[in-house]
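The structure under discussion appears below in the form of structure tokens.
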Amino acid sequence: MASLFISAAHKSSGKTTVSIGLNAALHRRGFCVQPFKKGPDYIDPIWLGMAAGRPCYNLDFFTAGKKETIKDFVRRSAHAEISIIEGNKGLYDGLDLDGSNSNAALASALKSPVILVVDARGTMRGIAPLLIGYQVFDPEVNIAGVIANMTGGARHESKLRAAVEHYTDIPFLGAVANDSSISLAEKHIGLIPGYEDPQARERISSIADAINENVDVDKIIDIANTAPSAATKPPAPTQIATHAGLRIGIAQDSAFGFYYPGDLEAIQATGAELVPVNTLHDRELPFIDGLFIGGGFPERHAALLEANISLRQAIKTAIEAGLPTYAECGGLMYLSRQLSWQGKSFDMVGVIPAQTNMHDRPCGRGYVKLEENTRLSHWPQVSNNSATIYAHEFHYSSLDGLPENSQFAYQVMRGHGINQTHDGLLYKNLLASYAHLRNTPSTPWVERFLSFVGQHKTTGKTLAQAMAQNS
């Protein structure tokens, strides 16, 4: 099972750019490449998936557990010729001091050789002790190659290569110059998602050109082929159409696009249909049985969201009428009364009686641990359902002015949530939270939400009837 783990000494070393370039370069050569991203991330996987020509999946011990993560990796790699995993932060960085949640731990568990991307700015001979230290720190980690990134030209590259080859046994695979033409565009809180960048394909192609010209891709393929199988190939998951006929609206546009591909596939595997809703341009809701509004950057599109009055009113009417709805982060912001950013306020859907305010610094960022209040929670319990939920959050906004008698599905044990103690606002058949859930055996949110949607469909009241009754 050919695989590579792309990591770095520290974050912002350029490993995302290198990973995008490798995925695109191999895809261009005709390889079936399966991209993965370590940790809870949406934006990098969007770019990696575009580069590889197939969805990028997340690998995360915190949200899914070690055994499930390995199983998922093996299953999704089964039909690929090579798998490329991009790490997050530095190789030995992770949640715990013992390194059990680190990139190195994941690389070792998957038995993937590591290519270390080193930010070489201001470094020459010093690259050697850095690499030696990383080798000695954990001999179980197979550091199989190094790529110098953001170099200052041919002379700089030659000195780096000489130091690596003289002092270490790690192959020097090439150097990528510090070139703004292949950098990815950023906005106020990070990279622009690929679907928002009109030049995304051109950027990916340019990065692939840089990798092909400056990195020994053939050697990298050889290194990937040294990876042993991580585990016995598991059987393909059984797909049972338990929710055939359900139509689930999903907000998919430039404002909302943060979804785990595996979660969307899990919805479709039940026989339910995903019905796209464009919150910027659609004037009315299609006929749906439930609505899912994921994360994104609604603040960047607030004026267009506000201008689409008819859809905002349609969504509010539907939720007030009892439409089962699930909203995460950006979706929660959209459902509030107003969104304030950069000195301006924009009217939103208004079903949540509170104001969304954007801040200069994160209000909640990182892993969260939630304890579900099963007495209040709308969604039915299912097999293997745990009351403890491991998820993540990343938001620069706060939801302010909620009534004191508001009800919540979750108590926050770790993280920030809506008000530092609670998350998962409940209103009629709406569940809205800052936490991003991931569908796993212990957190089967897809089955729970679809079962909830199905329960309301079987009452015989269609959305159209409910809306008419509520108007």
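Just so we're on the same page: first chain in the structure tokens is A, next is B, and so on; residues restart at 1 for each chain, and ligands are numbered from 1 in the order they show up.
Around Tyr410 in chain A, within 7 Å and counting only C-alpha atoms, the residues found are Leu370, Glu371, Glu372, Asn373, His422, Asp423 and Gly424 of chain A, once anything fewer than 5 positions away on its own chain is removed.
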Write out the residues from the selection above, keeping C-alpha atoms, as a JSON list (two decimals), in the first residue's frame.
[["chain", "number", "residue", "atom", "x", "y", "z"],
["A", 370, "LEU", "CA", -19.25, 17.61, 24.86],
["A", 371, "GLU", "CA", -21.60, 15.76, 27.16],
["A", 372, "GLU", "CA", -25.04, 15.36, 25.64],
["A", 373, "ASN", "CA", -28.13, 16.14, 27.67],
["A", 422, "HIS", "CA", -23.15, 24.98, 26.65],
["A", 423, "ASP", "CA", -23.46, 24.30, 22.93],
["A", 424, "GLY", "CA", -26.10, 22.85, 20.65]]
For range 390-394 of chain A, list every protein, DNA or RNA residue within 10 Å, evaluated using only C-alpha atoms, and leave out those in the same chain fewer than 5 positions away; present the list as a VMD selection string. chain A and resid 39 to 41 62 to 65 189 295 328 to 329 362 to 371 414 to 417 433 to 440 442 to 443
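Checking A:Ile127, A:Leu335, A:Ala302, A:Val176 one by one against Glu320 in chain A, counting only C-alpha atoms, you find the shortest gap at A:Leu335.
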Gap from CA of Tyr167 in chain A to CA of Ala128 in chain A - Å, one decimal: 6.1 Å
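Here CA of Ile20 in chain A stands at a distance of 11.1 Å from CA of Ser183 in chain A.
For Ala208 in chain A, the non-local neighbours within 10 Å, defined as residues at least 5 positions apart in the same chain or in other chains and counting only C-alpha atoms, are Thr17, Val18, Ser19, Ile20, Gly21, Leu22, Asn23, Ala24, Ala25, Leu26, His27, Arg28, Ala51, Ile182, Glu202, Arg203 and Glu213 of chain A.
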Next, write the just-selected residues to a file, as an mmCIF file, in the first residue's frame, keeping N, CA and C atoms as the atom set.
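In the end it all went to again_32.cif:
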data_model
loop_
_atom_site.group_PDB
_atom_site.id
_atom_site.type_symbol
_atom_site.label_atom_id
_atom_site.label_comp_id
_atom_site.auth_asym_id
_atom_site.auth_seq_id
_atom_site.Cartn_x
_atom_site.Cartn_y
_atom_site.Cartn_z
ATOM 1 N N THR A 17 1.258 23.516 0.613
ATOM 2 C CA THR A 17 1.605 23.800 -0.784
ATOM 3 C C THR A 17 2.305 22.604 -1.418
ATOM 4 N N VAL A 18 3.280 22.035 -0.708
ATOM 5 C CA VAL A 18 3.990 20.869 -1.235
ATOM 6 C C VAL A 18 3.038 19.695 -1.418
ATOM 7 N N SER A 19 2.135 19.476 -0.465
ATOM 8 C CA SER A 19 1.177 18.362 -0.568
ATOM 9 C C SER A 19 0.244 18.547 -1.759
ATOM 10 N N ILE A 20 -0.228 19.763 -1.950
ATOM 11 C CA ILE A 20 -1.081 20.046 -3.106
ATOM 12 C C ILE A 20 -0.311 19.764 -4.394
ATOM 13 N N GLY A 21 0.930 20.243 -4.449
ATOM 14 C CA GLY A 21 1.733 20.037 -5.649
ATOM 15 C C GLY A 21 2.002 18.575 -5.937
ATOM 16 N N LEU A 22 2.298 17.782 -4.908
ATOM 17 C CA LEU A 22 2.544 16.348 -5.104
ATOM 18 C C LEU A 22 1.290 15.629 -5.572
ATOM 19 N N ASN A 23 0.157 15.934 -4.940
ATOM 20 C CA ASN A 23 -1.103 15.323 -5.368
ATOM 21 C C ASN A 23 -1.379 15.638 -6.831
ATOM 22 N N ALA A 24 -1.228 16.900 -7.200
ATOM 23 C CA ALA A 24 -1.523 17.322 -8.571
ATOM 24 C C ALA A 24 -0.523 16.741 -9.562
ATOM 25 N N ALA A 25 0.762 16.707 -9.189
ATOM 26 C CA ALA A 25 1.793 16.183 -10.085
ATOM 27 C C ALA A 25 1.584 14.699 -10.359
ATOM 28 N N LEU A 26 1.240 13.949 -9.322
ATOM 29 C CA LEU A 26 1.002 12.511 -9.498
ATOM 30 C C LEU A 26 -0.291 12.251 -10.260
ATOM 31 N N HIS A 27 -1.309 13.055 -9.956
ATOM 32 C CA HIS A 27 -2.569 12.929 -10.693
ATOM 33 C C HIS A 27 -2.353 13.236 -12.171
ATOM 34 N N ARG A 28 -1.526 14.234 -12.442
ATOM 35 C CA ARG A 28 -1.208 14.603 -13.822
ATOM 36 C C ARG A 28 -0.494 13.454 -14.549
ATOM 37 N N ALA A 51 -6.743 18.929 -6.095
ATOM 38 C CA ALA A 51 -5.469 18.576 -6.718
ATOM 39 C C ALA A 51 -5.438 17.109 -7.139
ATOM 40 N N ILE A 182 3.210 30.929 -6.337
ATOM 41 C CA ILE A 182 2.602 29.630 -6.017
ATOM 42 C C ILE A 182 2.032 29.610 -4.602
ATOM 43 N N GLU A 202 -5.803 27.122 -11.663
ATOM 44 C CA GLU A 202 -4.536 27.664 -12.162
ATOM 45 C C GLU A 202 -3.465 27.632 -11.081
ATOM 46 N N ARG A 203 -3.844 27.949 -9.846
ATOM 47 C CA ARG A 203 -2.887 27.914 -8.750
ATOM 48 C C ARG A 203 -2.360 26.491 -8.540
ATOM 49 N N GLU A 213 9.388 20.485 -11.399
ATOM 50 C CA GLU A 213 10.660 21.067 -11.827
ATOM 51 C C GLU A 213 11.738 21.031 -10.754
#
Residue set, range 147-377 of chain A restricted to strand (DSSP E), as a PyMOL selection string: chain A and resi 147-151+172-177+186-187+190-191+247-251+256-258+273-277+290-293+295-296+325-328+336-341+344-347+352-358+364-372
Contacts of Pro193 in chain A within 8 Å, only C-alpha atoms, excl. fewer than 5 positions in-chain, as a ChimeraX atom specification: /A:43-44,46-47
Residues from the last selection, N, CA and C atoms, saved as a PDB file, in the first residue's frame:
ATOM      1  N   ILE A  43     -10.496  23.303   5.026  1.00  0.00           N
ATOM      2  CA  ILE A  43      -9.972  24.071   3.897  1.00  0.00           C
ATOM      3  C   ILE A  43      -8.847  23.333   3.180  1.00  0.00           C
ATOM      4  N   ASP A  44      -7.856  22.846   3.917  1.00  0.00           N
ATOM      5  CA  ASP A  44      -6.784  22.093   3.263  1.00  0.00           C
ATOM      6  C   ASP A  44      -7.328  20.901   2.483  1.00  0.00           C
ATOM      7  N   ILE A  46     -10.114  20.576   0.982  1.00  0.00           N
ATOM      8  CA  ILE A  46     -10.759  21.032  -0.252  1.00  0.00           C
ATOM      9  C   ILE A  46      -9.713  21.204  -1.349  1.00  0.00           C
ATOM     10  N   TRP A  47      -8.582  21.849  -1.003  1.00  0.00           N
ATOM     11  CA  TRP A  47      -7.506  22.046  -1.983  1.00  0.00           C
ATOM     12  C   TRP A  47      -6.871  20.708  -2.376  1.00  0.00           C
TER      13      TRP A  47
END
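Counting only C-alpha atoms, range 121-124 of chain A has the following residues at most 10 Å away, ignoring those fewer than 4 positions along the same chain: Ser13, Ala128, Ala148, Asn149, Met150, Thr151, Gly152, His156, Glu157, Ser158, Lys159, Leu160, Arg161, Ala162, Ala163, Val164, Ala177 and Asn178 of chain A.
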Residues as selected, C-alpha atoms, written as an mmCIF file, in the first residue's frame, can you do that?
data_model
loop_
_atom_site.group_PDB
_atom_site.id
_atom_site.type_symbol
_atom_site.label_atom_id
_atom_site.label_comp_id
_atom_site.auth_asym_id
_atom_site.auth_seq_id
_atom_site.Cartn_x
_atom_site.Cartn_y
_atom_site.Cartn_z
ATOM 1 C CA SER A 13 6.471 25.517 6.747
ATOM 2 C CA ALA A 128 21.495 18.926 9.440
ATOM 3 C CA ALA A 148 13.679 22.299 1.507
ATOM 4 C CA ASN A 149 10.981 24.928 1.103
ATOM 5 C CA MET A 150 11.063 28.687 0.584
ATOM 6 C CA THR A 151 14.722 28.637 -0.457
ATOM 7 C CA GLY A 152 16.621 31.665 -1.721
ATOM 8 C CA HIS A 156 21.170 28.357 -1.121
ATOM 9 C CA GLU A 157 19.830 25.015 -2.350
ATOM 10 C CA SER A 158 23.328 23.661 -3.013
ATOM 11 C CA LYS A 159 24.454 24.472 0.540
ATOM 12 C CA LEU A 160 21.378 22.833 2.016
ATOM 13 C CA ARG A 161 21.833 19.736 -0.135
ATOM 14 C CA ALA A 162 25.514 19.477 0.794
ATOM 15 C CA ALA A 163 24.762 19.714 4.522
ATOM 16 C CA VAL A 164 21.996 17.090 4.381
ATOM 17 C CA ALA A 177 11.956 28.510 -4.029
ATOM 18 C CA ASN A 178 10.256 31.234 -2.023
#
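Near range 106-118 of chain A, within 6 Å and counting only C-alpha atoms, sit Ser3, Leu4, Phe5, Ile6, Ser7, Ala8, Lys15, Asn103, Val141, Asn142, Ile143, Ala144, Gly145, Val146, Ile147, Ala148, Asn149, Ala227 and Ala230 of chain A; same-chain residues fewer than 3 positions away were not included.
From CA of Leu376 in chain A back to CA of Gln407 in chain A, the distance works out to 7.7 Å.
Using only C-alpha atoms, the shortest contact distance between His359 in chain A and any of A:Gln34, A:Thr325, A:Gln135, A:Ser397 is found at A:Ser397.
Minimum atom-to-atom distances from A:Asp289, A:Leu304, A:Gly153, A:Thr168 to Pro129 in chain A were compared using only C-alpha atoms, and the lowest value belongs to A:Thr168.
Minimum atom-to-atom distances from A:Thr242, A:Asn88, A:Ser229, A:Met348 to Lys71 in chain A were compared using only C-alpha atoms, and the lowest value belongs to A:Ser229.
With distances restricted to only C-alpha atoms, A:Glu81 is the closest residue to Val33 in chain A from A:Glu284, A:Glu68, A:Asp169, A:Glu81.
Compared by their closest atoms to Met413 in chain A, and using only C-alpha atoms, the residues A:Asn58, A:Thr388, A:Lys316, A:Leu431 rank with A:Thr388 nearest.
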DSSP-assigned alpha helix (DSSP H) members of range 65-168 of chain A, reported as a PyMOL selection string: chain A and resi 66-77+103-110+127-137+154-167
I need the residues from that last selection saved to file as a short mmCIF file (atom, residue, chain, number, x, y, z; two decimals), in the first residue's frame (with C-alpha atoms), if you can.
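This is the output file part_27.cif:
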data_model
loop_
_atom_site.label_atom_id
_atom_site.label_comp_id
_atom_site.auth_asym_id
_atom_site.auth_seq_id
_atom_site.Cartn_x
_atom_site.Cartn_y
_atom_site.Cartn_z
CA LYS A 66 -6.98 4.95 16.59
CA LYS A 67 -8.50 1.66 15.40
CA GLU A 68 -11.28 3.35 13.45
CA THR A 69 -8.80 5.79 11.89
CA ILE A 70 -6.52 2.99 10.65
CA LYS A 71 -9.51 1.05 9.36
CA ASP A 72 -10.82 4.10 7.51
CA PHE A 73 -7.41 4.79 5.98
CA VAL A 74 -7.03 1.22 4.70
CA ARG A 75 -10.55 1.11 3.30
CA ARG A 76 -10.28 4.41 1.45
CA SER A 77 -6.79 3.63 0.16
CA ASN A 103 1.54 13.45 13.47
CA ALA A 104 4.38 11.06 14.25
CA ALA A 105 1.97 8.71 16.05
CA LEU A 106 -0.37 8.71 13.07
CA ALA A 107 2.46 8.15 10.57
CA SER A 108 3.74 5.22 12.65
CA ALA A 109 0.27 3.71 12.99
CA LEU A 110 -0.26 3.89 9.23
CA ILE A 127 19.33 21.96 8.57
CA ALA A 128 21.50 18.93 9.44
CA PRO A 129 21.21 18.99 13.26
CA LEU A 130 17.50 19.69 12.90
CA LEU A 131 17.04 16.53 10.85
CA ILE A 132 19.29 14.44 13.10
CA GLY A 133 17.33 15.59 16.15
CA TYR A 134 14.05 14.60 14.55
CA GLN A 135 15.45 11.17 13.70
CA VAL A 136 16.82 10.54 17.19
CA PHE A 137 13.72 11.79 19.01
CA ALA A 154 20.40 27.79 -6.51
CA ARG A 155 23.33 28.68 -4.22
CA HIS A 156 21.17 28.36 -1.12
CA GLU A 157 19.83 25.01 -2.35
CA SER A 158 23.33 23.66 -3.01
CA LYS A 159 24.45 24.47 0.54
CA LEU A 160 21.38 22.83 2.02
CA ARG A 161 21.83 19.74 -0.13
CA ALA A 162 25.51 19.48 0.79
CA ALA A 163 24.76 19.71 4.52
CA VAL A 164 22.00 17.09 4.38
CA GLU A 165 24.03 14.67 2.28
CA HIS A 166 27.23 15.09 4.33
CA TYR A 167 25.80 14.86 7.85
#
Exercise: Gly49 in chain A partners within 7 Å, only C-alpha atoms, chain neighbours under 6 positions left out, as a count of residues only: 3
